[in-house]
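> One structure follows; several queries about it will come next.
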Amino acid sequence: MSTARPVRVMAPGKINVSFRVGPPRPDGYHSVASVYLAVSLYEEAVATPREDGRITAQVRSGSELEFALDGVPLDESNLAVKAALLL
C-alpha cells in the first residue's frame, strides 16, 4: 500500500500584456518572452499518486470563466503529464 498523498496547490492567474513567440527549436517547442500582470484568480491543481504507477490528467470545469475543454489533451502530449512522467 502506498503512503504517498495527493499534492494540492493553488496556481495564480495572470494576464499577458505582451507575448512573443520565437521560431521552433530543435525540440519542437518555441522560446517565448512574456510580460504579464498577476490577477486575484486561482485554479486548483492536484497531483494524486496511482497505485499502478500510471499517469492520468483530468480537467474539471467549475470556473465562472467560459472556455472549451475539448482541445485540452489528457494523454502524454499534455505538459503536466510529461512533467509527472519525468518525476
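Identifiers in the C-alpha cells: chain A, B, ... in order shown; residue index from 1 per chain; ligand index from 1 in order shown.
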Using DSSP assignments from the backbone, pull out every residue in stretch 12-87 of chain A that falls under alpha helix (DSSP H) and give it to me as number ranges by chain.
A: 79-86
> Selected residues, C-alpha atoms, written as a compact mmCIF listing (two decimals), in the first residue's frame, please.

```txt
# COMPACT_ATOMS: atom_id res chain seq x y z
CA LEU A 79 2.75 19.10 -20.49
CA ALA A 80 1.51 18.28 -16.98
CA VAL A 81 1.61 14.56 -17.83
CA LYS A 82 5.10 14.95 -19.33
CA ALA A 83 6.29 16.66 -16.12
CA ALA A 84 4.78 13.92 -13.95
CA LEU A 85 6.49 11.24 -16.04
CA LEU A 86 9.83 12.98 -15.54
```
> Neighbouring residues of A:Val7 were defined as those with any atom within 10 Å, considering only C-alpha atoms; residues of the same chain fewer than 6 positions away were excluded. Please report them as an MDAnalysis selection string.
chainID A and resid 45:49
> Kindly give the distance, in Å, that separates atom CA of A:Val35 and atom CA of A:Pro12, rounded to a single decimal.
15.1 Å
> Please identify all polymer residues within 6 Å of A:Tyr42, counting only C-alpha atoms, omitting same-chain residues fewer than 3 positions from it, and present them as a PDB file with C-alpha atoms, in the first residue's frame.

```
ATOM      1  CA  MET A  10      -3.439  26.945  -5.907  1.00  0.00           C
ATOM      2  CA  ALA A  11      -1.985  28.264  -9.176  1.00  0.00           C
ATOM      3  CA  PRO A  12      -2.291  32.053  -9.588  1.00  0.00           C
ATOM      4  CA  GLY A  13      -3.738  33.560 -12.725  1.00  0.00           C
TER       5      GLY A  13
END
```
> Any idea what's packed within 10 Å of A:Ala38, counting only C-alpha atoms, ignoring anything in its chain fewer than 2 positions away? Could you give it as a PDB file with N, CA and C atoms, in the first residue's frame?

```
ATOM      1  N   PRO A  12      -1.771  30.710  -9.329  1.00  0.00           N
ATOM      2  CA  PRO A  12      -2.291  32.053  -9.588  1.00  0.00           C
ATOM      3  C   PRO A  12      -2.492  32.325 -11.068  1.00  0.00           C
ATOM      4  N   GLY A  13      -3.461  33.171 -11.349  1.00  0.00           N
ATOM      5  CA  GLY A  13      -3.738  33.560 -12.725  1.00  0.00           C
ATOM      6  C   GLY A  13      -2.912  34.765 -13.140  1.00  0.00           C
ATOM      7  N   LYS A  14      -2.861  34.999 -14.427  1.00  0.00           N
ATOM      8  CA  LYS A  14      -2.131  36.151 -14.964  1.00  0.00           C
ATOM      9  C   LYS A  14      -2.771  36.586 -16.263  1.00  0.00           C
ATOM     10  N   ILE A  15      -2.495  37.814 -16.635  1.00  0.00           N
ATOM     11  CA  ILE A  15      -2.925  38.348 -17.918  1.00  0.00           C
ATOM     12  C   ILE A  15      -1.660  38.732 -18.675  1.00  0.00           C
ATOM     13  N   ASN A  16      -1.483  38.170 -19.858  1.00  0.00           N
ATOM     14  CA  ASN A  16      -0.332  38.533 -20.683  1.00  0.00           C
ATOM     15  C   ASN A  16      -0.594  39.878 -21.345  1.00  0.00           C
ATOM     16  N   TYR A  36       3.593  39.982 -18.000  1.00  0.00           N
ATOM     17  CA  TYR A  36       2.237  39.697 -17.523  1.00  0.00           C
ATOM     18  C   TYR A  36       1.932  40.434 -16.225  1.00  0.00           C
ATOM     19  N   SER A  40      -6.126  38.247  -9.224  1.00  0.00           N
ATOM     20  CA  SER A  40      -6.539  37.565  -7.997  1.00  0.00           C
ATOM     21  C   SER A  40      -7.465  36.383  -8.278  1.00  0.00           C
ATOM     22  N   LEU A  41      -7.237  35.694  -9.392  1.00  0.00           N
ATOM     23  CA  LEU A  41      -7.951  34.462  -9.715  1.00  0.00           C
ATOM     24  C   LEU A  41      -6.976  33.302  -9.575  1.00  0.00           C
TER      25      LEU A  41
END
```
> Please provide the set of residues having any atom within 12 Å of A:Arg20, restricted to only C-alpha atoms, with same-chain residues fewer than 2 positions apart removed, written as a list in words.
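The neighbour list is Asn16, Val17, Ser18, Gly22, Pro23, His30, Ser31, Val32, Ala33, Ser34, Val35 and Tyr36 of chain A.
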> Could you save those same residues with N, CA and C atoms as a PDB file, in the first residue's frame?

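Once everything was written out, this is result-v4.pdb:
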```pdb
ATOM      1  N   ASN A  16      -1.483  38.170 -19.858  1.00  0.00           N
ATOM      2  CA  ASN A  16      -0.332  38.533 -20.683  1.00  0.00           C
ATOM      3  C   ASN A  16      -0.594  39.878 -21.345  1.00  0.00           C
ATOM      4  N   VAL A  17       0.275  40.847 -21.074  1.00  0.00           N
ATOM      5  CA  VAL A  17       0.147  42.141 -21.737  1.00  0.00           C
ATOM      6  C   VAL A  17       1.070  42.204 -22.949  1.00  0.00           C
ATOM      7  N   SER A  18       2.031  41.301 -22.991  1.00  0.00           N
ATOM      8  CA  SER A  18       2.896  41.146 -24.166  1.00  0.00           C
ATOM      9  C   SER A  18       3.329  39.691 -24.209  1.00  0.00           C
ATOM     10  N   GLY A  22       9.036  32.829 -30.420  1.00  0.00           N
ATOM     11  CA  GLY A  22      10.134  32.685 -31.367  1.00  0.00           C
ATOM     12  C   GLY A  22       9.916  31.507 -32.296  1.00  0.00           C
ATOM     13  N   PRO A  23      10.859  31.298 -33.182  1.00  0.00           N
ATOM     14  CA  PRO A  23      10.750  30.171 -34.116  1.00  0.00           C
ATOM     15  C   PRO A  23      10.869  28.836 -33.375  1.00  0.00           C
ATOM     16  N   HIS A  30       8.885  26.332 -28.659  1.00  0.00           N
ATOM     17  CA  HIS A  30       9.258  27.685 -29.056  1.00  0.00           C
ATOM     18  C   HIS A  30       9.778  28.441 -27.842  1.00  0.00           C
ATOM     19  N   SER A  31      10.770  29.303 -28.029  1.00  0.00           N
ATOM     20  CA  SER A  31      11.160  30.232 -26.978  1.00  0.00           C
ATOM     21  C   SER A  31      10.095  31.320 -26.923  1.00  0.00           C
ATOM     22  N   VAL A  32       9.786  31.780 -25.716  1.00  0.00           N
ATOM     23  CA  VAL A  32       8.784  32.831 -25.566  1.00  0.00           C
ATOM     24  C   VAL A  32       9.313  33.927 -24.651  1.00  0.00           C
ATOM     25  N   ALA A  33       8.819  35.132 -24.871  1.00  0.00           N
ATOM     26  CA  ALA A  33       9.079  36.273 -23.993  1.00  0.00           C
ATOM     27  C   ALA A  33       7.717  36.819 -23.603  1.00  0.00           C
ATOM     28  N   SER A  34       7.501  36.989 -22.301  1.00  0.00           N
ATOM     29  CA  SER A  34       6.185  37.389 -21.823  1.00  0.00           C
ATOM     30  C   SER A  34       6.294  38.472 -20.759  1.00  0.00           C
ATOM     31  N   VAL A  35       5.397  39.426 -20.825  1.00  0.00           N
ATOM     32  CA  VAL A  35       5.209  40.402 -19.756  1.00  0.00           C
ATOM     33  C   VAL A  35       3.774  40.198 -19.290  1.00  0.00           C
ATOM     34  N   TYR A  36       3.593  39.982 -18.000  1.00  0.00           N
ATOM     35  CA  TYR A  36       2.237  39.697 -17.523  1.00  0.00           C
ATOM     36  C   TYR A  36       1.932  40.434 -16.225  1.00  0.00           C
TER      37      TYR A  36
END
```
> Compare A:Val21, A:Pro26, A:Asp75, A:Arg5 by their minimum atom-to-atom distance to A:Arg54, counting only C-alpha atoms, and give me the closest one.
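With only C-alpha atoms as the atom set, the closest residue is A:Asp75.
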> Would you give me, as JSON, numbers by chain, the residues in chain A that DSSP reads as strand (DSSP E)?
{"A": [7, 8, 9, 10, 11, 12, 13, 14, 15, 16, 17, 18, 19, 20, 21, 22, 23, 24, 30, 31, 32, 33, 34, 35, 36, 37, 38, 39, 40, 41, 42, 43, 44, 45, 46, 47]}
> Which distance in Å separates atom CA of A:Gly53 and atom CA of A:Asn78, to one decimal?
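Rounded to one decimal, the two atoms are 17.2 Å apart.
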> One number please: atom CA of A:Glu44 to atom CA of A:Gly28, in Å, one decimal.
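It comes out at 28.5 Å.
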